[in-house]
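Peer 1: Structure incoming, see below.
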Amino acid sequence: SPHVTTVHEVDMSAAMAAYKAQKDGVAARGGRLTVTAIIVECLAKALERHPLVNSAWTDEGVRIHRDIHIGMAVAIPDGLIVPVIKNANAKSLSGLSADINDLAMRARDGGLKPDDIQGGTFTLTNYGTLGSLFGTPVINQPQAAILGTGAIKKRVVVLETKHGDQIAIRPMMYLALTFDHRILDGGTADPFMRTLTELLEGYGA
């Protein structure tokens with residue numbers, strides 16, 4: 001498929017604040033909250049609003065999936081494996097955290113079952129955990145797109161306020177969406193990315 005990548009920048013201040021505010025409470029209930037869970041929660045909502053991104057190329061044409069099953073690339077000793085978070089849009093943040101931690105742990109321990117790696121409709125690859133700022137991820141065929149999330153880094157940015165431009169230090173992250181140009185183009189991919197950015201920047205509001 002013809003691959004095209006679009007890169008957007010997101011201010012993760014709200015998401016990081018929510019993560020810090022909730023992680024101890026989740027830990028007290030025996031769980032472990034990660035920023036990845038917050039990203040997956042926002043990603044599932046964005047896919048609900050832009051269903052064409054949650055689709056696949058078939059010999060009969062484009063198939064738009066009703067369900068949102070998000071594959072999550074996990075590094076293992078001999079490469080990558082992509083376990084799938086089933087019905088991600090129907091799960092709470094704590095439910096997503098539990099699924100992510102369980103799937104990642106079993107992936108690294110070799111404990112995944114065949115059903116755990118099947119049925120994905122969209123894929124997330126978090127190369128930021130390895131220090132990469134951004135990349136150009138390869139589509140997990142026959143899905144329409146894959147999202148790559150870079151490392152969250154504090155940077156000096158210019159904020160537009162009612163009092164004029166101001167300089168601030170914010171935790172910033174690059175989002176890279178690689179998409180199948182037979183299904184999506186800039187007119188459909190970039191609105192999806194703007195929605196995802198807005199959900200992350202307004203998280204918890």
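Residue numbering restarts at 1 for every chain of the structure tokens, chains are lettered A, B, ... in their displayed order, and ligands are numbered from 1 as they appear.
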Per DSSP on the backbone, filter range 65-175 of chain A down to the residues in strand (DSSP E or B) and report them as a PyMOL selection string.

Peer 2: chain A and resi 70-72+74-76+79-81+84-85+122-125+143+145-149+153-161+164-175

Peer 1: What are the DSSP alpha helix (DSSP H) residues of range 40-163 of chain A, as a PyMOL selection string?

Peer 2: chain A and resi 40-49+93-109

Peer 1: Would you put the residues from that selection into a file with N, CA, C and O atoms, as a compact mmCIF listing (two decimals), in the first residue's frame?

Peer 2:
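Written output follows (again-v7.txt):
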# COMPACT_ATOMS: atom_id res chain seq x y z
N VAL A 40 -4.33 5.68 24.65
CA VAL A 40 -5.24 4.71 24.05
C VAL A 40 -6.69 5.14 24.25
O VAL A 40 -7.52 5.03 23.34
N GLU A 41 -7.01 5.67 25.43
CA GLU A 41 -8.37 6.14 25.69
C GLU A 41 -8.75 7.25 24.71
O GLU A 41 -9.84 7.23 24.11
N CYS A 42 -7.87 8.22 24.52
CA CYS A 42 -8.14 9.32 23.58
C CYS A 42 -8.15 8.82 22.14
O CYS A 42 -8.96 9.27 21.32
N LEU A 43 -7.27 7.89 21.83
CA LEU A 43 -7.21 7.32 20.48
C LEU A 43 -8.51 6.61 20.13
O LEU A 43 -9.05 6.79 19.03
N ALA A 44 -9.06 5.84 21.07
CA ALA A 44 -10.32 5.14 20.82
C ALA A 44 -11.46 6.12 20.56
O ALA A 44 -12.30 5.91 19.68
N LYS A 45 -11.48 7.23 21.32
CA LYS A 45 -12.52 8.24 21.11
C LYS A 45 -12.36 8.91 19.74
O LYS A 45 -13.35 9.19 19.05
N ALA A 46 -11.13 9.18 19.34
CA ALA A 46 -10.89 9.79 18.04
C ALA A 46 -11.30 8.85 16.91
O ALA A 46 -11.85 9.29 15.89
N LEU A 47 -11.05 7.56 17.07
CA LEU A 47 -11.46 6.58 16.05
C LEU A 47 -12.97 6.49 15.96
O LEU A 47 -13.52 6.29 14.86
N GLU A 48 -13.67 6.65 17.08
CA GLU A 48 -15.14 6.67 17.04
C GLU A 48 -15.64 7.83 16.19
O GLU A 48 -16.62 7.69 15.46
N ARG A 49 -14.98 8.96 16.29
CA ARG A 49 -15.41 10.16 15.57
C ARG A 49 -14.98 10.15 14.10
O ARG A 49 -15.54 10.88 13.28
N LEU A 93 -10.56 3.99 31.88
CA LEU A 93 -9.11 4.17 31.93
C LEU A 93 -8.46 3.06 32.74
O LEU A 93 -7.42 2.52 32.34
N SER A 94 -9.07 2.69 33.86
CA SER A 94 -8.49 1.62 34.68
C SER A 94 -8.56 0.28 33.95
O SER A 94 -7.65 -0.55 34.05
N GLY A 95 -9.63 0.06 33.19
CA GLY A 95 -9.75 -1.17 32.40
C GLY A 95 -8.71 -1.24 31.31
O GLY A 95 -8.12 -2.30 31.06
N LEU A 96 -8.47 -0.11 30.64
CA LEU A 96 -7.43 -0.07 29.61
C LEU A 96 -6.06 -0.31 30.22
O LEU A 96 -5.23 -1.03 29.66
N SER A 97 -5.81 0.30 31.39
CA SER A 97 -4.52 0.10 32.06
C SER A 97 -4.29 -1.36 32.38
O SER A 97 -3.19 -1.90 32.16
N ALA A 98 -5.34 -2.02 32.89
CA ALA A 98 -5.22 -3.44 33.23
C ALA A 98 -4.92 -4.28 31.99
O ALA A 98 -4.05 -5.16 32.01
N ASP A 99 -5.63 -4.00 30.89
CA ASP A 99 -5.41 -4.75 29.65
C ASP A 99 -4.00 -4.52 29.11
O ASP A 99 -3.32 -5.46 28.69
N ILE A 100 -3.57 -3.27 29.10
CA ILE A 100 -2.24 -2.93 28.56
C ILE A 100 -1.15 -3.62 29.36
O ILE A 100 -0.23 -4.22 28.79
N ASN A 101 -1.23 -3.54 30.68
CA ASN A 101 -0.20 -4.16 31.52
C ASN A 101 -0.19 -5.67 31.37
O ASN A 101 0.87 -6.30 31.29
N ASP A 102 -1.40 -6.26 31.32
CA ASP A 102 -1.51 -7.72 31.19
C ASP A 102 -0.95 -8.20 29.86
O ASP A 102 -0.15 -9.14 29.80
N LEU A 103 -1.35 -7.53 28.77
CA LEU A 103 -0.90 -7.95 27.45
C LEU A 103 0.61 -7.76 27.28
O LEU A 103 1.30 -8.62 26.72
N ALA A 104 1.13 -6.63 27.76
CA ALA A 104 2.56 -6.37 27.64
C ALA A 104 3.38 -7.39 28.43
O ALA A 104 4.41 -7.89 27.96
N MET A 105 2.93 -7.70 29.65
CA MET A 105 3.65 -8.66 30.48
C MET A 105 3.64 -10.05 29.85
O MET A 105 4.68 -10.72 29.77
N ARG A 106 2.47 -10.48 29.37
CA ARG A 106 2.39 -11.81 28.76
C ARG A 106 3.13 -11.88 27.43
O ARG A 106 3.65 -12.93 27.04
N ALA A 107 3.19 -10.72 26.72
CA ALA A 107 3.96 -10.69 25.47
C ALA A 107 5.43 -10.92 25.75
O ALA A 107 6.10 -11.70 25.04
N ARG A 108 5.96 -10.27 26.77
CA ARG A 108 7.39 -10.41 27.10
C ARG A 108 7.70 -11.78 27.71
O ARG A 108 8.82 -12.26 27.58
N ASP A 109 6.70 -12.38 28.36
CA ASP A 109 6.91 -13.70 28.98
C ASP A 109 6.55 -14.85 28.06
O ASP A 109 6.65 -16.02 28.45

Peer 1: So the first atom is CA of Ile117 in chain A and the second is CA of Thr197 in chain A; what is the distance between them in Å, to one decimal place?

Peer 2: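 Between these atoms lies a distance of 27.4 Å.
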
Peer 1: Env of Ile139 in chain A: 12 Å cut, atoms = only C-alpha atoms, seq-sep filter 5 positions within chain, self excluded. Answer as a PyMOL selection string.

Peer 2: chain A and resi 1-5+56-57+71+73+120-125+144-148+176-181

Peer 1: Closest to Gly128 in chain A among A:Arg170, A:Leu196, A:Thr36, A:Leu184, using only C-alpha atoms?

Peer 2: A:Thr36

Peer 1: I want to know what sits within 8 Å of range 29-35 of chain A, based on only C-alpha atoms, with residues of the same chain fewer than 2 positions away left out; could you give that as a PyMOL selection string?

Peer 2: chain A and resi 15-16+19+22-23+25-27+37-39+94+97-98+101

Peer 1: Since we have the selection now, will you write its residues out, keeping N, CA, C and O atoms, as a PDB file, in the first residue's frame?

Peer 2:
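Listed below is the output, selection_26.pdb:
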ATOM      1  N   ALA A  15      -2.668  15.722  30.089  1.00  0.00           N
ATOM      2  CA  ALA A  15      -2.578  14.272  30.235  1.00  0.00           C
ATOM      3  C   ALA A  15      -1.605  13.886  31.343  1.00  0.00           C
ATOM      4  O   ALA A  15      -1.879  12.976  32.138  1.00  0.00           O
ATOM      5  N   MET A  16      -0.473  14.586  31.421  1.00  0.00           N
ATOM      6  CA  MET A  16       0.510  14.283  32.458  1.00  0.00           C
ATOM      7  C   MET A  16      -0.024  14.645  33.837  1.00  0.00           C
ATOM      8  O   MET A  16       0.232  13.940  34.825  1.00  0.00           O
ATOM      9  N   TYR A  19      -2.378  11.915  34.791  1.00  0.00           N
ATOM     10  CA  TYR A  19      -1.609  10.715  35.137  1.00  0.00           C
ATOM     11  C   TYR A  19      -1.061  10.815  36.566  1.00  0.00           C
ATOM     12  O   TYR A  19      -1.207   9.880  37.368  1.00  0.00           O
ATOM     13  N   GLN A  22      -3.844  10.515  39.236  1.00  0.00           N
ATOM     14  CA  GLN A  22      -4.588   9.262  39.356  1.00  0.00           C
ATOM     15  C   GLN A  22      -3.732   8.023  39.593  1.00  0.00           C
ATOM     16  O   GLN A  22      -4.258   6.971  39.987  1.00  0.00           O
ATOM     17  N   LYS A  23      -2.430   8.107  39.367  1.00  0.00           N
ATOM     18  CA  LYS A  23      -1.612   6.891  39.409  1.00  0.00           C
ATOM     19  C   LYS A  23      -1.588   6.249  40.788  1.00  0.00           C
ATOM     20  O   LYS A  23      -1.613   5.014  40.903  1.00  0.00           O
ATOM     21  N   GLY A  25      -3.951   6.367  43.109  1.00  0.00           N
ATOM     22  CA  GLY A  25      -5.242   5.747  43.355  1.00  0.00           C
ATOM     23  C   GLY A  25      -5.373   4.425  42.636  1.00  0.00           C
ATOM     24  O   GLY A  25      -5.901   3.444  43.184  1.00  0.00           O
ATOM     25  N   VAL A  26      -4.885   4.366  41.400  1.00  0.00           N
ATOM     26  CA  VAL A  26      -4.921   3.114  40.639  1.00  0.00           C
ATOM     27  C   VAL A  26      -4.018   2.077  41.298  1.00  0.00           C
ATOM     28  O   VAL A  26      -4.369   0.898  41.408  1.00  0.00           O
ATOM     29  N   ALA A  27      -2.846   2.519  41.764  1.00  0.00           N
ATOM     30  CA  ALA A  27      -1.915   1.603  42.430  1.00  0.00           C
ATOM     31  C   ALA A  27      -2.520   1.047  43.719  1.00  0.00           C
ATOM     32  O   ALA A  27      -2.318  -0.130  44.053  1.00  0.00           O
ATOM     33  N   ALA A  37      -2.035   4.318  28.558  1.00  0.00           N
ATOM     34  CA  ALA A  37      -3.472   4.072  28.731  1.00  0.00           C
ATOM     35  C   ALA A  37      -4.277   5.326  28.415  1.00  0.00           C
ATOM     36  O   ALA A  37      -5.356   5.250  27.809  1.00  0.00           O
ATOM     37  N   ILE A  38      -3.776   6.478  28.808  1.00  0.00           N
ATOM     38  CA  ILE A  38      -4.459   7.737  28.505  1.00  0.00           C
ATOM     39  C   ILE A  38      -4.466   7.986  26.996  1.00  0.00           C
ATOM     40  O   ILE A  38      -5.480   8.403  26.421  1.00  0.00           O
ATOM     41  N   ILE A  39      -3.350   7.706  26.353  1.00  0.00           N
ATOM     42  CA  ILE A  39      -3.269   7.869  24.900  1.00  0.00           C
ATOM     43  C   ILE A  39      -4.254   6.931  24.202  1.00  0.00           C
ATOM     44  O   ILE A  39      -4.969   7.334  23.280  1.00  0.00           O
ATOM     45  N   SER A  94      -9.066   2.687  33.862  1.00  0.00           N
ATOM     46  CA  SER A  94      -8.489   1.617  34.676  1.00  0.00           C
ATOM     47  C   SER A  94      -8.556   0.281  33.946  1.00  0.00           C
ATOM     48  O   SER A  94      -7.647  -0.547  34.049  1.00  0.00           O
ATOM     49  N   SER A  97      -5.808   0.296  31.387  1.00  0.00           N
ATOM     50  CA  SER A  97      -4.517   0.104  32.061  1.00  0.00           C
ATOM     51  C   SER A  97      -4.289  -1.359  32.378  1.00  0.00           C
ATOM     52  O   SER A  97      -3.192  -1.898  32.160  1.00  0.00           O
ATOM     53  N   ALA A  98      -5.339  -2.024  32.889  1.00  0.00           N
ATOM     54  CA  ALA A  98      -5.216  -3.441  33.229  1.00  0.00           C
ATOM     55  C   ALA A  98      -4.917  -4.276  31.987  1.00  0.00           C
ATOM     56  O   ALA A  98      -4.052  -5.163  32.011  1.00  0.00           O
ATOM     57  N   ASN A 101      -1.229  -3.540  30.676  1.00  0.00           N
ATOM     58  CA  ASN A 101      -0.204  -4.156  31.517  1.00  0.00           C
ATOM     59  C   ASN A 101      -0.195  -5.671  31.370  1.00  0.00           C
ATOM     60  O   ASN A 101       0.867  -6.303  31.291  1.00  0.00           O
TER      61      ASN A 101
END

Peer 1: Name all residues at most 9 Å from Ile152 in chain A (count only C-alpha atoms; drop same-chain ones fewer than 3 positions away) and give them as a PyMOL selection string.

Peer 2: chain A and resi 12+128-129+131+133+149+171-174

Peer 1: Could you give me, as a PyMOL selection string, the residues within 10 Å of His69 in chain A, counting only C-alpha atoms and dropping anything in the same chain fewer than 2 positions from it?

Peer 2: chain A and resi 44+54+65-67+71-72+83-89+118-123

Peer 1: Write the residues you've just listed into a file as a CSV table (one decimal), in the first residue's frame, and include all heavy atoms for each of them.

Peer 2:
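Okay, this is what ended up in result.csv:
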chain,number,residue,atom,x,y,z
A,44,ALA,N,-9.1,5.8,21.1
A,44,ALA,CA,-10.3,5.1,20.8
A,44,ALA,C,-11.5,6.1,20.6
A,44,ALA,O,-12.3,5.9,19.7
A,44,ALA,CB,-10.6,4.2,22.0
A,54,ASN,N,-10.5,3.8,11.1
A,54,ASN,CA,-10.6,2.4,11.7
A,54,ASN,C,-11.2,1.5,10.6
A,54,ASN,O,-12.2,0.9,10.8
A,54,ASN,CB,-11.6,2.5,12.9
A,54,ASN,CG,-11.6,1.2,13.7
A,54,ASN,OD1,-10.5,0.7,14.1
A,54,ASN,ND2,-12.7,0.7,14.0
A,65,HIS,N,-14.7,-0.9,10.2
A,65,HIS,CA,-14.9,-1.8,11.3
A,65,HIS,C,-15.9,-1.1,12.3
A,65,HIS,O,-15.7,0.1,12.6
A,65,HIS,CB,-13.7,-2.2,12.0
A,65,HIS,CG,-12.7,-2.9,11.1
A,65,HIS,ND1,-12.8,-4.1,10.7
A,65,HIS,CD2,-11.5,-2.4,10.7
A,65,HIS,CE1,-11.8,-4.5,9.9
A,65,HIS,NE2,-10.9,-3.5,9.9
A,66,ARG,N,-16.9,-1.9,12.8
A,66,ARG,CA,-17.7,-1.4,13.8
A,66,ARG,C,-17.0,-1.3,15.2
A,66,ARG,O,-17.2,-0.4,15.9
A,66,ARG,CB,-19.0,-2.3,13.9
A,66,ARG,CG,-19.9,-2.2,12.7
A,66,ARG,CD,-21.1,-3.2,12.9
A,66,ARG,NE,-22.0,-3.2,11.8
A,66,ARG,CZ,-23.1,-3.9,11.7
A,66,ARG,NH1,-23.4,-4.7,12.7
A,66,ARG,NH2,-23.8,-3.9,10.6
A,67,ASP,N,-16.3,-2.3,15.4
A,67,ASP,CA,-15.6,-2.4,16.7
A,67,ASP,C,-14.2,-1.7,16.6
A,67,ASP,O,-13.6,-1.6,15.5
A,67,ASP,CB,-15.4,-3.9,17.1
A,67,ASP,CG,-16.7,-4.6,17.3
A,67,ASP,OD1,-17.6,-4.0,17.9
A,67,ASP,OD2,-16.8,-5.8,16.8
A,71,GLY,N,-4.4,-2.6,18.4
A,71,GLY,CA,-3.2,-3.3,18.5
A,71,GLY,C,-2.1,-2.5,19.1
A,71,GLY,O,-2.0,-1.3,18.9
A,72,MET,N,-1.3,-3.1,20.0
A,72,MET,CA,-0.2,-2.3,20.7
A,72,MET,C,1.1,-3.0,20.5
A,72,MET,O,1.3,-4.2,21.0
A,72,MET,CB,-0.6,-2.3,22.2
A,72,MET,CG,0.4,-1.6,23.1
A,72,MET,SD,-0.1,-1.8,24.8
A,72,MET,CE,0.0,-3.5,25.1
A,83,PRO,N,-0.1,-7.5,20.5
A,83,PRO,CA,-1.3,-7.9,21.1
A,83,PRO,C,-2.4,-6.9,21.0
A,83,PRO,O,-2.1,-5.7,20.7
A,83,PRO,CB,-0.9,-8.1,22.6
A,83,PRO,CG,0.3,-7.2,22.8
A,83,PRO,CD,1.0,-7.2,21.5
A,84,VAL,N,-3.7,-7.3,21.1
A,84,VAL,CA,-4.8,-6.4,20.7
A,84,VAL,C,-5.7,-6.1,22.0
A,84,VAL,O,-6.1,-7.0,22.7
A,84,VAL,CB,-5.6,-7.0,19.6
A,84,VAL,CG1,-6.8,-6.2,19.3
A,84,VAL,CG2,-4.8,-7.3,18.4
A,85,ILE,N,-5.9,-4.8,22.2
A,85,ILE,CA,-6.9,-4.4,23.2
A,85,ILE,C,-8.3,-4.4,22.6
A,85,ILE,O,-8.6,-3.5,21.7
A,85,ILE,CB,-6.5,-3.0,23.7
A,85,ILE,CG1,-5.1,-3.0,24.2
A,85,ILE,CG2,-7.5,-2.6,24.8
A,85,ILE,CD1,-4.5,-1.5,24.3
A,86,LYS,N,-9.1,-5.4,22.9
A,86,LYS,CA,-10.4,-5.5,22.3
A,86,LYS,C,-11.4,-4.5,22.9
A,86,LYS,O,-11.4,-4.2,24.1
A,86,LYS,CB,-10.9,-7.0,22.5
A,86,LYS,CG,-10.0,-8.1,22.0
A,86,LYS,CD,-9.9,-8.1,20.5
A,86,LYS,CE,-8.9,-9.1,20.0
A,86,LYS,NZ,-9.3,-10.5,20.3
A,87,ASN,N,-12.2,-4.0,22.0
A,87,ASN,CA,-13.3,-3.0,22.3
A,87,ASN,C,-12.7,-1.9,23.2
A,87,ASN,O,-13.3,-1.6,24.3
A,87,ASN,CB,-14.4,-3.7,23.0
A,87,ASN,CG,-15.1,-4.8,22.1
A,87,ASN,OD1,-15.5,-4.5,21.0
A,87,ASN,ND2,-15.1,-6.0,22.6
A,88,ALA,N,-11.7,-1.3,22.8
A,88,ALA,CA,-11.0,-0.3,23.6
A,88,ALA,C,-11.9,0.9,23.9
A,88,ALA,O,-11.8,1.5,25.0
A,88,ALA,CB,-9.7,0.2,22.8
A,89,ASN,N,-12.8,1.2,23.0
A,89,ASN,CA,-13.7,2.4,23.2
A,89,ASN,C,-14.7,2.2,24.3
A,89,ASN,O,-15.3,3.1,24.8
A,89,ASN,CB,-14.3,2.8,21.9
A,89,ASN,CG,-15.1,1.6,21.3
A,89,ASN,OD1,-14.7,0.5,21.3
A,89,ASN,ND2,-16.3,1.9,20.8
A,118,GLN,N,-5.0,-11.3,17.4
A,118,GLN,CA,-5.8,-11.3,16.2
A,118,GLN,C,-7.0,-10.3,16.4
A,118,GLN,O,-7.4,-9.9,17.5
A,118,GLN,CB,-6.5,-12.7,16.0
A,118,GLN,CG,-5.4,-13.8,15.7
A,118,GLN,CD,-6.1,-15.1,15.6
A,118,GLN,OE1,-7.3,-15.3,15.7
A,118,GLN,NE2,-5.2,-16.1,15.3
A,119,GLY,N,-7.4,-9.8,15.2
A,119,GLY,CA,-8.6,-8.9,15.2
A,119,GLY,C,-8.4,-7.5,15.3
A,119,GLY,O,-9.3,-6.7,15.4
A,120,GLY,N,-7.1,-7.0,15.3
A,120,GLY,CA,-6.8,-5.6,15.4
A,120,GLY,C,-7.4,-4.8,14.3
A,120,GLY,O,-7.3,-5.2,13.1
A,121,THR,N,-7.9,-3.6,14.6
A,121,THR,CA,-8.4,-2.7,13.5
A,121,THR,C,-7.6,-1.4,13.4
A,121,THR,O,-7.7,-0.7,12.4
A,121,THR,CB,-9.9,-2.3,13.8
A,121,THR,OG1,-9.9,-1.6,15.1
A,121,THR,CG2,-10.8,-3.5,14.0
A,122,PHE,N,-6.7,-1.2,14.3
A,122,PHE,CA,-5.8,0.0,14.3
A,122,PHE,C,-4.6,-0.4,15.2
A,122,PHE,O,-4.8,-1.1,16.2
A,122,PHE,CB,-6.5,1.2,14.8
A,122,PHE,CG,-5.7,2.5,14.6
A,122,PHE,CD1,-5.9,3.3,13.5
A,122,PHE,CD2,-4.8,2.9,15.6
A,122,PHE,CE1,-5.1,4.5,13.4
A,122,PHE,CE2,-4.1,4.1,15.5
A,122,PHE,CZ,-4.2,4.9,14.4
A,123,THR,N,-3.4,0.2,14.9
A,123,THR,CA,-2.3,-0.1,15.7
A,123,THR,C,-1.6,1.1,16.2
A,123,THR,O,-1.5,2.1,15.6
A,123,THR,CB,-1.2,-1.0,14.9
A,123,THR,OG1,-1.9,-2.2,14.4
A,123,THR,CG2,0.0,-1.3,15.7

Peer 1: If I take CA of Ser55 in chain A and CA of Tyr203 in chain A, how far is one from the other in Å, to one decimal?

Peer 2: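 Spanning CA of Ser55 in chain A to CA of Tyr203 in chain A is a straight-line distance of 25.6 Å.
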
Peer 1: Using only C-alpha atoms, which of the listed residues (A:Pro142, A:Pro77, A:Pro114, A:Gly164) sits closest to Asp59 in chain A?

Peer 2: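 Using only C-alpha atoms, Asp59 in chain A sits closest to A:Pro142.
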